[in-house]
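Notes for the one structure printed next.
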Protein chains: 2
Amino acid sequence: MRTSENWFPGRLTEMPAGECHDLMGSTSVGRVALVDEAGPVVLPVNYVLDGDTVLFRTSPANSIAPHLDDAKVAFEVDEFDDYTQSGWSVVVRGVASFVAPDELPQDEKARPFPWADGVRTLFVRVTPLSVSGRRLLPG
Amino acid sequence: MRTSENWFPGRLTEMPAGECHDLMGSTSVGRVALVDEAGPVVLPVNYVLDGDTVLFRTSPANSIAPHLDDAKVAFEVDEFDDYTQSGWSVVVRGVASFVAPDELPQDEKARPFPWADGVRTLFVRVTPLSVSGRRLLPG
């Protein structure tokens with residue numbers, strides 16, 4: 001879609017931590033960025049929040065899996081409106097690690113349930129080192 | 001939003017290159033993943049396609065700018081539907097580089113116009129080394 005020159009550029013504002021956390025709890029799909037042998041890569045995953053951490057599942061056979069244990073990653077969620085050219089994004093930078101079964105939420109409903117089929121038995125937790133969020137207000 | 005256990009996991013299929021290209025041309029916002037001093041980071045940008053490459057703008061004063069010239073990056077676009085737990089994503093892995101004014105599309109309307117205010121005078125091109133896309137069909 002073409003960006004129209006009729007719009008004035010929107011105003012970008014930082015969001016407080018509470019708003020970032022609330023917005024992260026309002027969506028189901030985020031994107032995890034990691035580094036493999038070939039450089040940075042970014043993939044969508046469905047996730048749940050567990051406290052301040054992000055939990056998602058993948059396959060232990062997945063090529064990204066070896067790069068998600070005790071590894072630096074970033075995690076992003078956003079929502080944008082093409083028409084008003086506005087929206088928000090939250091970016092977590094932190095450390096990903098495999099989760100042992102006894103470290104998962106007790107309540108099974110609080111665990112992520114993969115949207116895609118396949119054997120996604122590996123739980124990964126992203127523990128934030130920093131969280132930042134920005135809101136782009138319509139111009 | 002909670003993922004419901006009532007849904008069956010969806011079926012993940014690879015998309016052909018043409019479909020990836022068409023879908024990349026249908027959206028305005030993608031996420032660029034790069035590596036800085038602290039590890040991987042991922043940020044949303046509005047973009048346009050220029051042939052097979054991705055063009056976006058940022059500020060030369062932006063902390064990510066030094067990591068976008070002759071640097072490995074990934075670029076992702078997606079669209080998901082929470083209700084049917086389905087959607088698609090396209091991931092480009094490639095090289096980012098600053099674009100000289102004479103390498104920009106002649107037609108100004110074919111250049112990216114930043115949604116956010118600020119001095120975003122730096123044009124960045126992502127030249128793909130690989131493009132992959134996946135569609136998640138409802139279960």
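Chain labels run A, B, ... following the order of the structure tokens; each chain numbers its residues from 1, and ligands are numbered from 1 in the order shown.
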Hey, which bits of chain A sit within 9 Å of chain B, and for each residue what's the closest pair of atoms and how far apart in Å (one decimal), counting only C-alpha atoms, rows by chain and increasing number, as CSV?
```
residue,atom,partner,partner_atom,distance
A:Met1,CA,B:Ser26,CA,5.6
A:Arg2,CA,B:Ser28,CA,7.4
A:Thr3,CA,B:Phe113,CA,6.3
A:Ser4,CA,B:Phe113,CA,7.8
A:Glu5,CA,B:Phe113,CA,7.3
A:Trp7,CA,B:Trp115,CA,8.4
A:Phe8,CA,B:Trp115,CA,7.9
A:Pro9,CA,B:Asp117,CA,4.8
A:Gly10,CA,B:Ala116,CA,4.7
A:Arg11,CA,B:Asp117,CA,5.7
A:Leu12,CA,B:Ala116,CA,6.1
A:Gly25,CA,B:Met1,CA,6.8
A:Ser26,CA,B:Met1,CA,5.7
A:Thr27,CA,B:Met1,CA,5.8
A:Ser28,CA,B:Met1,CA,5.7
A:Val29,CA,B:Phe80,CA,7.7
A:Arg31,CA,B:Val42,CA,8.3
A:Val32,CA,B:Val42,CA,8.1
A:Ala33,CA,B:Pro40,CA,6.2
A:Leu34,CA,B:Pro40,CA,5.8
A:Val35,CA,B:Pro40,CA,6.6
A:Ala38,CA,B:Lys72,CA,8.2
A:Gly39,CA,B:Lys72,CA,6.0
A:Pro40,CA,B:Val73,CA,5.6
A:Val41,CA,B:Ala74,CA,5.1
A:Val42,CA,B:Ala33,CA,6.3
A:Leu43,CA,B:Val91,CA,7.3
A:Pro44,CA,B:Ser89,CA,7.4
A:Asn46,CA,B:Thr3,CA,8.6
A:Tyr47,CA,B:Thr3,CA,8.7
A:Val48,CA,B:Arg2,CA,7.5
A:Lys72,CA,B:Gly39,CA,6.0
A:Val73,CA,B:Pro40,CA,5.6
A:Ala74,CA,B:Val41,CA,5.1
A:Phe75,CA,B:Val42,CA,7.2
A:Glu76,CA,B:Val42,CA,6.6
A:Asp78,CA,B:Pro44,CA,7.8
A:Phe80,CA,B:Val29,CA,7.6
A:Asp82,CA,B:Ser28,CA,6.9
A:Gln85,CA,B:Trp115,CA,6.1
A:Ser86,CA,B:Trp115,CA,7.6
A:Ser89,CA,B:Pro44,CA,7.4
A:Val90,CA,B:Leu43,CA,8.8
A:Val91,CA,B:Val42,CA,7.2
A:Val92,CA,B:Val41,CA,8.4
A:Arg93,CA,B:Val41,CA,6.8
A:Lys109,CA,B:Arg2,CA,8.0
A:Ala110,CA,B:Arg2,CA,8.0
A:Pro112,CA,B:Thr3,CA,7.2
A:Phe113,CA,B:Thr3,CA,6.2
A:Pro114,CA,B:Pro9,CA,6.8
A:Trp115,CA,B:Pro9,CA,5.0
A:Ala116,CA,B:Gly10,CA,4.7
A:Asp117,CA,B:Pro9,CA,4.8
A:Gly118,CA,B:Pro9,CA,8.3
A:Leu136,CA,B:Ala116,CA,6.7
A:Leu137,CA,B:Ala116,CA,8.4
A:Pro138,CA,B:Trp115,CA,8.7
A:Gly139,CA,B:Ala116,CA,8.2
```
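Using only C-alpha atoms, the protein and nucleic acid residues lying no more than 8 Å from Val124 of chain A, apart from those fewer than 3 places from it along its own chain, are Leu55, Phe56, Arg57, Thr58, Leu68, Asp69, Ala96, Ser97, Phe98 and Val99 of chain A.
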Can you write out the residues you just picked, keeping N, CA, C and O atoms, as a JSON list (two decimals), in the first residue's frame?
```json
[["chain", "number", "residue", "atom", "x", "y", "z"],
["A", 55, "LEU", "N", 6.48, -16.50, 27.15],
["A", 55, "LEU", "CA", 6.59, -17.95, 26.95],
["A", 55, "LEU", "C", 6.05, -18.31, 25.57],
["A", 55, "LEU", "O", 4.97, -17.88, 25.19],
["A", 56, "PHE", "N", 6.82, -19.08, 24.82],
["A", 56, "PHE", "CA", 6.30, -19.62, 23.57],
["A", 56, "PHE", "C", 6.84, -21.03, 23.38],
["A", 56, "PHE", "O", 7.68, -21.50, 24.15],
["A", 57, "ARG", "N", 6.33, -21.71, 22.34],
["A", 57, "ARG", "CA", 6.74, -23.08, 22.08],
["A", 57, "ARG", "C", 7.30, -23.21, 20.69],
["A", 57, "ARG", "O", 6.91, -22.49, 19.78],
["A", 58, "THR", "N", 8.20, -24.11, 20.53],
["A", 58, "THR", "CA", 8.72, -24.42, 19.21],
["A", 58, "THR", "C", 9.06, -25.91, 19.18],
["A", 58, "THR", "O", 8.85, -26.62, 20.16],
["A", 68, "LEU", "N", 18.19, -20.60, 20.99],
["A", 68, "LEU", "CA", 17.22, -20.05, 21.92],
["A", 68, "LEU", "C", 17.48, -20.49, 23.36],
["A", 68, "LEU", "O", 16.62, -20.34, 24.21],
["A", 69, "ASP", "N", 18.64, -21.08, 23.62],
["A", 69, "ASP", "CA", 18.92, -21.48, 25.00],
["A", 69, "ASP", "C", 20.08, -20.67, 25.53],
["A", 69, "ASP", "O", 21.20, -20.77, 25.02],
["A", 96, "ALA", "N", 16.79, -15.63, 26.10],
["A", 96, "ALA", "CA", 15.91, -16.78, 25.92],
["A", 96, "ALA", "C", 16.54, -17.99, 26.56],
["A", 96, "ALA", "O", 17.77, -18.16, 26.53],
["A", 97, "SER", "N", 15.70, -18.85, 27.13],
["A", 97, "SER", "CA", 16.21, -20.11, 27.67],
["A", 97, "SER", "C", 15.12, -21.17, 27.61],
["A", 97, "SER", "O", 13.94, -20.86, 27.67],
["A", 98, "PHE", "N", 15.55, -22.41, 27.48],
["A", 98, "PHE", "CA", 14.60, -23.52, 27.49],
["A", 98, "PHE", "C", 14.00, -23.61, 28.90],
["A", 98, "PHE", "O", 14.67, -23.32, 29.89],
["A", 99, "VAL", "N", 12.74, -24.04, 28.95],
["A", 99, "VAL", "CA", 12.04, -24.11, 30.22],
["A", 99, "VAL", "C", 11.84, -25.56, 30.60],
["A", 99, "VAL", "O", 11.28, -26.34, 29.81]]
```
Reference chain B, mobile chain A, all Cα atoms fitted, written as a short mmCIF file (atom, residue, chain, number, x, y, z; two decimals) with N, CA and C atoms, in the first residue's frame:
```
data_model
loop_
_atom_site.label_atom_id
_atom_site.label_comp_id
_atom_site.auth_asym_id
_atom_site.auth_seq_id
_atom_site.Cartn_x
_atom_site.Cartn_y
_atom_site.Cartn_z
N MET A 1 -4.47 -12.24 24.90
CA MET A 1 -5.63 -13.09 24.63
C MET A 1 -5.24 -14.56 24.80
N ARG A 2 -6.11 -15.32 25.41
CA ARG A 2 -5.81 -16.72 25.65
C ARG A 2 -6.07 -17.53 24.38
N THR A 3 -5.13 -18.44 24.11
CA THR A 3 -5.33 -19.38 23.02
C THR A 3 -6.28 -20.46 23.51
N SER A 4 -7.31 -20.70 22.75
CA SER A 4 -8.31 -21.67 23.20
C SER A 4 -7.89 -23.09 22.84
N GLU A 5 -8.11 -23.98 23.76
CA GLU A 5 -7.80 -25.39 23.50
C GLU A 5 -8.85 -26.02 22.59
N ASN A 6 -9.90 -25.25 22.27
CA ASN A 6 -10.94 -25.81 21.41
C ASN A 6 -10.51 -25.89 19.95
N TRP A 7 -9.49 -25.14 19.61
CA TRP A 7 -9.03 -25.14 18.24
C TRP A 7 -8.06 -26.28 18.01
N PHE A 8 -8.13 -26.82 16.82
CA PHE A 8 -7.09 -27.76 16.41
C PHE A 8 -5.92 -26.95 15.87
N PRO A 9 -4.70 -27.41 16.09
CA PRO A 9 -3.58 -26.67 15.53
C PRO A 9 -3.70 -26.54 14.01
N GLY A 10 -3.32 -25.37 13.50
CA GLY A 10 -3.43 -25.13 12.06
C GLY A 10 -2.30 -25.78 11.29
N ARG A 11 -2.50 -25.84 9.99
CA ARG A 11 -1.51 -26.48 9.13
C ARG A 11 -0.60 -25.41 8.54
N LEU A 12 0.70 -25.64 8.67
CA LEU A 12 1.70 -24.68 8.22
C LEU A 12 2.20 -25.11 6.84
N THR A 13 2.11 -24.20 5.85
CA THR A 13 2.58 -24.55 4.51
C THR A 13 3.55 -23.48 4.00
N GLU A 14 4.52 -23.90 3.21
CA GLU A 14 5.46 -22.95 2.60
C GLU A 14 4.76 -22.24 1.45
N MET A 15 5.06 -20.98 1.26
CA MET A 15 4.49 -20.24 0.14
C MET A 15 5.53 -20.10 -0.98
N PRO A 16 5.07 -20.14 -2.23
CA PRO A 16 6.00 -19.91 -3.35
C PRO A 16 6.47 -18.45 -3.37
N ALA A 17 7.58 -18.22 -4.07
CA ALA A 17 8.22 -16.90 -4.08
C ALA A 17 7.28 -15.80 -4.56
N GLY A 18 6.48 -16.10 -5.58
CA GLY A 18 5.58 -15.08 -6.12
C GLY A 18 4.57 -14.61 -5.10
N GLU A 19 4.06 -15.56 -4.31
CA GLU A 19 3.08 -15.22 -3.28
C GLU A 19 3.73 -14.37 -2.18
N CYS A 20 4.96 -14.74 -1.84
CA CYS A 20 5.70 -13.94 -0.84
C CYS A 20 5.84 -12.50 -1.32
N HIS A 21 6.22 -12.34 -2.58
CA HIS A 21 6.43 -11.00 -3.13
C HIS A 21 5.12 -10.22 -3.16
N ASP A 22 4.05 -10.88 -3.57
CA ASP A 22 2.75 -10.20 -3.61
C ASP A 22 2.33 -9.74 -2.22
N LEU A 23 2.50 -10.62 -1.23
CA LEU A 23 2.08 -10.27 0.12
C LEU A 23 2.95 -9.15 0.70
N MET A 24 4.23 -9.16 0.37
CA MET A 24 5.09 -8.07 0.84
C MET A 24 4.67 -6.74 0.24
N GLY A 25 4.11 -6.79 -0.95
CA GLY A 25 3.63 -5.57 -1.60
C GLY A 25 2.27 -5.11 -1.08
N SER A 26 1.65 -5.94 -0.24
CA SER A 26 0.28 -5.64 0.22
C SER A 26 0.25 -4.97 1.59
N THR A 27 1.40 -4.86 2.24
CA THR A 27 1.41 -4.27 3.58
C THR A 27 2.37 -3.07 3.62
N SER A 28 2.25 -2.28 4.65
CA SER A 28 3.02 -1.04 4.76
C SER A 28 4.06 -1.07 5.87
N VAL A 29 3.85 -1.95 6.85
CA VAL A 29 4.75 -1.98 8.01
C VAL A 29 5.39 -3.37 8.12
N GLY A 30 6.71 -3.37 8.28
CA GLY A 30 7.43 -4.62 8.52
C GLY A 30 8.35 -4.41 9.71
N ARG A 31 9.06 -5.46 10.06
CA ARG A 31 9.98 -5.36 11.20
C ARG A 31 11.37 -5.73 10.74
N VAL A 32 12.32 -4.87 11.04
CA VAL A 32 13.71 -5.12 10.68
C VAL A 32 14.45 -5.62 11.92
N ALA A 33 15.15 -6.74 11.75
CA ALA A 33 15.96 -7.30 12.84
C ALA A 33 17.42 -7.09 12.48
N LEU A 34 18.17 -6.59 13.45
CA LEU A 34 19.59 -6.32 13.23
C LEU A 34 20.33 -6.66 14.50
N VAL A 35 21.63 -6.57 14.45
CA VAL A 35 22.44 -6.86 15.62
C VAL A 35 23.23 -5.62 15.98
N ASP A 36 23.09 -5.17 17.23
CA ASP A 36 23.93 -4.07 17.70
C ASP A 36 24.85 -4.59 18.80
N GLU A 37 25.46 -3.68 19.54
CA GLU A 37 26.44 -4.08 20.57
C GLU A 37 25.82 -5.03 21.59
N ALA A 38 24.51 -4.90 21.83
CA ALA A 38 23.86 -5.66 22.89
C ALA A 38 23.19 -6.94 22.39
N GLY A 39 23.30 -7.21 21.08
CA GLY A 39 22.66 -8.42 20.54
C GLY A 39 21.58 -8.08 19.53
N PRO A 40 20.69 -9.05 19.26
CA PRO A 40 19.66 -8.80 18.25
C PRO A 40 18.60 -7.84 18.76
N VAL A 41 18.06 -7.06 17.86
CA VAL A 41 16.95 -6.15 18.18
C VAL A 41 16.04 -6.10 16.96
N VAL A 42 14.78 -5.81 17.18
CA VAL A 42 13.82 -5.81 16.08
C VAL A 42 12.88 -4.62 16.25
N LEU A 43 12.69 -3.87 15.17
CA LEU A 43 11.92 -2.64 15.22
C LEU A 43 10.99 -2.52 14.02
N PRO A 44 9.79 -2.00 14.24
CA PRO A 44 8.88 -1.82 13.10
C PRO A 44 9.26 -0.60 12.27
N VAL A 45 9.10 -0.71 10.97
CA VAL A 45 9.30 0.42 10.06
C VAL A 45 8.25 0.36 8.96
N ASN A 46 7.84 1.55 8.47
CA ASN A 46 7.02 1.49 7.25
C ASN A 46 7.96 1.51 6.06
N TYR A 47 7.56 0.81 5.02
CA TYR A 47 8.50 0.50 3.93
C TYR A 47 7.76 0.49 2.60
N VAL A 48 8.55 0.49 1.53
CA VAL A 48 8.01 0.19 0.20
C VAL A 48 8.92 -0.85 -0.43
N LEU A 49 8.37 -1.58 -1.40
CA LEU A 49 9.20 -2.49 -2.20
C LEU A 49 9.77 -1.71 -3.37
N ASP A 50 11.04 -1.96 -3.70
CA ASP A 50 11.65 -1.41 -4.91
C ASP A 50 12.23 -2.61 -5.65
N GLY A 51 11.46 -3.13 -6.58
CA GLY A 51 11.83 -4.42 -7.19
C GLY A 51 11.74 -5.49 -6.13
N ASP A 52 12.83 -6.22 -5.96
CA ASP A 52 12.84 -7.27 -4.93
C ASP A 52 13.41 -6.77 -3.61
N THR A 53 13.79 -5.50 -3.56
CA THR A 53 14.41 -4.98 -2.34
C THR A 53 13.39 -4.21 -1.50
N VAL A 54 13.73 -4.03 -0.25
CA VAL A 54 12.89 -3.31 0.71
C VAL A 54 13.55 -1.96 0.99
N LEU A 55 12.78 -0.88 0.89
CA LEU A 55 13.30 0.46 1.18
C LEU A 55 12.57 1.04 2.39
N PHE A 56 13.32 1.55 3.35
CA PHE A 56 12.70 2.29 4.44
C PHE A 56 13.60 3.45 4.83
N ARG A 57 13.09 4.30 5.73
CA ARG A 57 13.85 5.47 6.14
C ARG A 57 14.04 5.47 7.64
N THR A 58 15.11 6.03 8.07
CA THR A 58 15.34 6.22 9.49
C THR A 58 16.12 7.51 9.68
N SER A 59 16.41 7.81 10.93
CA SER A 59 17.19 9.00 11.21
C SER A 59 18.67 8.63 11.25
N PRO A 60 19.53 9.45 10.65
CA PRO A 60 20.97 9.15 10.73
C PRO A 60 21.47 9.21 12.18
N ALA A 61 20.70 9.90 13.06
CA ALA A 61 21.08 10.01 14.47
C ALA A 61 20.56 8.83 15.29
N ASN A 62 19.73 7.98 14.66
CA ASN A 62 19.15 6.85 15.37
C ASN A 62 20.25 5.85 15.77
N SER A 63 20.10 5.27 16.96
CA SER A 63 21.14 4.36 17.44
C SER A 63 21.29 3.12 16.57
N ILE A 64 20.24 2.78 15.80
CA ILE A 64 20.36 1.58 14.95
C ILE A 64 21.09 1.89 13.64
N ALA A 65 21.16 3.16 13.27
CA ALA A 65 21.68 3.51 11.95
C ALA A 65 23.06 2.90 11.65
N PRO A 66 24.01 2.98 12.61
CA PRO A 66 25.34 2.44 12.29
C PRO A 66 25.34 0.94 12.00
N HIS A 67 24.22 0.25 12.36
CA HIS A 67 24.16 -1.20 12.18
C HIS A 67 23.35 -1.59 10.95
N LEU A 68 23.14 -0.59 10.08
CA LEU A 68 22.32 -0.83 8.90
C LEU A 68 23.08 -0.56 7.61
N ASP A 69 24.39 -0.40 7.68
CA ASP A 69 25.14 -0.17 6.44
C ASP A 69 26.07 -1.35 6.19
N ASP A 70 25.80 -2.05 5.10
CA ASP A 70 26.57 -3.24 4.76
C ASP A 70 26.53 -4.25 5.93
N ALA A 71 25.32 -4.45 6.43
CA ALA A 71 25.13 -5.30 7.61
C ALA A 71 24.06 -6.35 7.34
N LYS A 72 24.26 -7.52 7.90
CA LYS A 72 23.24 -8.56 7.78
C LYS A 72 22.02 -8.19 8.60
N VAL A 73 20.86 -8.33 8.00
CA VAL A 73 19.61 -8.04 8.69
C VAL A 73 18.56 -9.06 8.27
N ALA A 74 17.45 -9.04 8.96
CA ALA A 74 16.27 -9.79 8.52
C ALA A 74 15.11 -8.80 8.49
N PHE A 75 14.13 -9.08 7.65
CA PHE A 75 12.96 -8.22 7.54
C PHE A 75 11.74 -9.11 7.48
N GLU A 76 10.74 -8.78 8.30
CA GLU A 76 9.57 -9.67 8.41
C GLU A 76 8.28 -8.89 8.23
N VAL A 77 7.34 -9.45 7.49
CA VAL A 77 5.98 -8.94 7.46
C VAL A 77 5.04 -10.10 7.75
N ASP A 78 3.92 -9.80 8.35
CA ASP A 78 2.96 -10.87 8.65
C ASP A 78 1.58 -10.30 8.81
N GLU A 79 0.62 -11.19 8.91
CA GLU A 79 -0.76 -10.83 9.19
C GLU A 79 -1.41 -12.04 9.82
N PHE A 80 -1.93 -11.87 11.03
CA PHE A 80 -2.55 -13.00 11.71
C PHE A 80 -3.94 -12.61 12.20
N ASP A 81 -4.78 -13.61 12.27
CA ASP A 81 -6.15 -13.43 12.76
C ASP A 81 -6.26 -14.21 14.07
N ASP A 82 -6.44 -13.46 15.16
CA ASP A 82 -6.53 -14.10 16.48
C ASP A 82 -7.68 -15.11 16.55
N TYR A 83 -8.77 -14.78 15.88
CA TYR A 83 -9.96 -15.61 16.06
C TYR A 83 -9.80 -16.98 15.41
N THR A 84 -9.32 -16.99 14.17
CA THR A 84 -9.14 -18.28 13.48
C THR A 84 -7.73 -18.83 13.70
N GLN A 85 -6.89 -18.09 14.41
CA GLN A 85 -5.52 -18.51 14.68
C GLN A 85 -4.83 -18.94 13.38
N SER A 86 -4.94 -18.05 12.40
CA SER A 86 -4.34 -18.34 11.10
C SER A 86 -3.72 -17.06 10.56
N GLY A 87 -2.95 -17.19 9.49
CA GLY A 87 -2.31 -16.02 8.91
C GLY A 87 -1.14 -16.41 8.04
N TRP A 88 -0.27 -15.46 7.81
CA TRP A 88 0.91 -15.70 6.97
C TRP A 88 2.04 -14.82 7.44
N SER A 89 3.25 -15.22 7.08
CA SER A 89 4.42 -14.38 7.35
C SER A 89 5.44 -14.58 6.23
N VAL A 90 6.17 -13.53 5.96
CA VAL A 90 7.28 -13.60 4.99
C VAL A 90 8.52 -13.06 5.69
N VAL A 91 9.61 -13.80 5.57
CA VAL A 91 10.87 -13.41 6.19
C VAL A 91 11.94 -13.28 5.11
N VAL A 92 12.54 -12.11 5.05
CA VAL A 92 13.65 -11.83 4.14
C VAL A 92 14.92 -11.84 4.97
N ARG A 93 15.91 -12.55 4.52
CA ARG A 93 17.23 -12.42 5.14
C ARG A 93 18.13 -11.80 4.08
N GLY A 94 18.89 -10.80 4.48
CA GLY A 94 19.69 -10.13 3.47
C GLY A 94 20.66 -9.15 4.05
N VAL A 95 21.03 -8.20 3.22
CA VAL A 95 22.04 -7.21 3.59
C VAL A 95 21.42 -5.83 3.49
N ALA A 96 21.57 -5.05 4.56
CA ALA A 96 21.10 -3.66 4.56
C ALA A 96 22.24 -2.75 4.16
N SER A 97 21.91 -1.69 3.43
CA SER A 97 22.93 -0.69 3.10
C SER A 97 22.27 0.67 2.92
N PHE A 98 23.03 1.70 3.22
CA PHE A 98 22.54 3.05 3.00
C PHE A 98 22.39 3.28 1.49
N VAL A 99 21.41 4.09 1.14
CA VAL A 99 21.12 4.33 -0.27
C VAL A 99 21.52 5.75 -0.63
N ALA A 100 22.35 5.90 -1.65
CA ALA A 100 22.72 7.23 -2.13
C ALA A 100 21.52 7.81 -2.88
N PRO A 101 21.38 9.15 -2.85
CA PRO A 101 20.21 9.78 -3.49
C PRO A 101 20.01 9.32 -4.95
N ASP A 102 21.10 9.13 -5.71
CA ASP A 102 20.93 8.77 -7.11
C ASP A 102 20.57 7.29 -7.30
N GLU A 103 20.51 6.55 -6.20
CA GLU A 103 20.10 5.14 -6.29
C GLU A 103 18.64 4.95 -5.87
N LEU A 104 17.98 6.06 -5.53
CA LEU A 104 16.56 5.98 -5.14
C LEU A 104 15.68 5.91 -6.38
N PRO A 105 14.45 5.41 -6.22
CA PRO A 105 13.53 5.44 -7.37
C PRO A 105 13.35 6.88 -7.85
N GLN A 106 13.36 7.06 -9.20
CA GLN A 106 13.19 8.39 -9.79
C GLN A 106 11.91 9.05 -9.32
N ASP A 107 10.84 8.27 -9.33
CA ASP A 107 9.53 8.78 -8.96
C ASP A 107 9.46 8.92 -7.43
N GLU A 108 9.26 10.14 -6.96
CA GLU A 108 9.23 10.37 -5.51
C GLU A 108 8.12 9.57 -4.83
N LYS A 109 7.04 9.31 -5.57
CA LYS A 109 5.92 8.56 -4.99
C LYS A 109 6.30 7.10 -4.74
N ALA A 110 7.36 6.65 -5.38
CA ALA A 110 7.80 5.26 -5.20
C ALA A 110 8.82 5.14 -4.06
N ARG A 111 9.09 6.27 -3.40
CA ARG A 111 10.01 6.24 -2.26
C ARG A 111 9.22 6.14 -0.95
N PRO A 112 9.84 5.57 0.08
CA PRO A 112 9.11 5.50 1.34
C PRO A 112 8.96 6.89 1.95
N PHE A 113 7.79 7.11 2.55
CA PHE A 113 7.50 8.37 3.22
C PHE A 113 7.26 8.03 4.69
N PRO A 114 8.11 8.52 5.60
CA PRO A 114 8.01 8.02 6.98
C PRO A 114 6.69 8.39 7.65
N TRP A 115 6.15 7.45 8.40
CA TRP A 115 4.92 7.69 9.16
C TRP A 115 5.21 8.58 10.37
N ALA A 116 6.39 8.40 10.96
CA ALA A 116 6.70 9.13 12.18
C ALA A 116 7.44 10.42 11.85
N ASP A 117 7.26 11.41 12.72
CA ASP A 117 7.97 12.67 12.50
C ASP A 117 9.45 12.50 12.85
N GLY A 118 10.21 13.56 12.74
CA GLY A 118 11.65 13.48 12.97
C GLY A 118 12.38 13.54 11.64
N VAL A 119 13.69 13.73 11.73
CA VAL A 119 14.50 13.91 10.52
C VAL A 119 14.95 12.55 10.00
N ARG A 120 14.10 11.92 9.21
CA ARG A 120 14.39 10.56 8.73
C ARG A 120 14.95 10.62 7.32
N THR A 121 16.14 11.19 7.23
CA THR A 121 16.72 11.47 5.91
C THR A 121 17.55 10.31 5.38
N LEU A 122 17.71 9.28 6.21
CA LEU A 122 18.55 8.16 5.79
C LEU A 122 17.70 7.07 5.14
N PHE A 123 17.97 6.77 3.88
CA PHE A 123 17.29 5.68 3.20
C PHE A 123 18.12 4.40 3.34
N VAL A 124 17.44 3.32 3.68
CA VAL A 124 18.12 2.03 3.84
C VAL A 124 17.46 1.03 2.90
N ARG A 125 18.29 0.27 2.21
CA ARG A 125 17.78 -0.78 1.32
C ARG A 125 18.18 -2.14 1.86
N VAL A 126 17.22 -3.05 1.91
CA VAL A 126 17.52 -4.44 2.26
C VAL A 126 17.48 -5.27 0.98
N THR A 127 18.63 -5.80 0.61
CA THR A 127 18.73 -6.66 -0.58
C THR A 127 18.67 -8.11 -0.12
N PRO A 128 17.66 -8.86 -0.56
CA PRO A 128 17.46 -10.22 -0.06
C PRO A 128 18.55 -11.19 -0.51
N LEU A 129 18.96 -12.03 0.42
CA LEU A 129 19.74 -13.21 0.07
C LEU A 129 18.81 -14.42 0.01
N SER A 130 17.78 -14.40 0.84
CA SER A 130 16.75 -15.45 0.80
C SER A 130 15.42 -14.87 1.23
N VAL A 131 14.36 -15.44 0.69
CA VAL A 131 13.00 -15.04 1.06
C VAL A 131 12.22 -16.32 1.34
N SER A 132 11.55 -16.37 2.47
CA SER A 132 10.71 -17.53 2.74
C SER A 132 9.40 -17.08 3.34
N GLY A 133 8.37 -17.80 3.02
CA GLY A 133 7.05 -17.42 3.52
C GLY A 133 6.27 -18.64 3.94
N ARG A 134 5.49 -18.45 4.97
CA ARG A 134 4.67 -19.56 5.44
C ARG A 134 3.24 -19.08 5.69
N ARG A 135 2.33 -19.97 5.37
CA ARG A 135 0.93 -19.68 5.61
C ARG A 135 0.43 -20.66 6.66
N LEU A 136 -0.25 -20.15 7.66
CA LEU A 136 -0.84 -20.99 8.69
C LEU A 136 -2.34 -21.06 8.43
N LEU A 137 -2.78 -22.23 7.97
CA LEU A 137 -4.19 -22.40 7.64
C LEU A 137 -4.96 -22.80 8.89
N PRO A 138 -6.21 -22.33 9.00
CA PRO A 138 -6.98 -22.66 10.21
C PRO A 138 -7.08 -24.17 10.40
N GLY A 139 -7.06 -24.60 11.66
CA GLY A 139 -7.10 -26.03 11.96
C GLY A 139 -8.49 -26.61 11.83
#
```
Going by DSSP on the backbone, which bits of chain A are helix (DSSP H, G or I)? Write them as a list of chain:residue names, please.
A:Ala17, A:Gly18, A:Glu19, A:Cys20, A:His21, A:Asp22, A:Leu23, A:Met24, A:Ala65, A:Pro66, A:His67, A:Pro101, A:Asp102, A:Glu103, A:Glu108, A:Lys109, A:Ala110
Hey, what does DSSP flag as strand (DSSP E) within segment 40-112 of chain A? Can you give it to me as a ChimeraX atom specification?
/A:40-50,53-58,71-81,86-98
Go ahead and write the residues just picked, C-alpha atoms, as a compact mmCIF listing (two decimals), in the first residue's frame.
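Result saved to again_22.txt:
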```
# COMPACT_ATOMS: atom_id res chain seq x y z
CA PRO A 40 19.87 -12.07 12.57
CA VAL A 41 16.53 -13.68 11.81
CA VAL A 42 13.02 -12.87 13.00
CA LEU A 43 10.03 -15.21 13.19
CA PRO A 44 6.45 -14.88 14.40
CA VAL A 45 5.30 -17.00 17.35
CA ASN A 46 2.14 -17.13 19.41
CA TYR A 47 2.94 -16.53 23.04
CA VAL A 48 1.63 -15.91 26.53
CA LEU A 49 2.96 -13.66 29.27
CA ASP A 50 4.12 -15.36 32.47
CA THR A 53 8.46 -13.02 30.88
CA VAL A 54 7.34 -14.24 27.47
CA LEU A 55 6.59 -17.95 26.95
CA PHE A 56 6.30 -19.62 23.57
CA ARG A 57 6.74 -23.08 22.08
CA THR A 58 8.72 -24.42 19.21
CA ALA A 71 20.91 -16.70 24.10
CA LYS A 72 20.30 -13.01 23.59
CA VAL A 73 17.07 -12.35 21.74
CA ALA A 74 14.57 -9.59 21.11
CA PHE A 75 10.80 -9.94 21.12
CA GLU A 76 8.42 -7.49 19.46
CA VAL A 77 4.68 -6.96 19.41
CA ASP A 78 2.89 -4.20 17.55
CA GLU A 79 -0.36 -3.04 16.06
CA PHE A 80 -0.61 -0.51 13.25
CA ASP A 81 -3.46 1.03 11.33
CA SER A 86 -0.64 5.14 13.62
CA GLY A 87 -0.13 2.38 16.15
CA TRP A 88 2.17 1.11 18.85
CA SER A 89 5.03 -1.30 19.35
CA VAL A 90 6.75 -2.88 22.33
CA VAL A 91 10.26 -4.29 22.11
CA VAL A 92 11.73 -6.60 24.74
CA ARG A 93 15.43 -7.27 24.74
CA GLY A 94 16.47 -10.16 26.89
CA VAL A 95 17.68 -13.69 27.25
CA ALA A 96 15.91 -16.78 25.92
CA SER A 97 16.21 -20.11 27.67
CA PHE A 98 14.60 -23.52 27.49
```
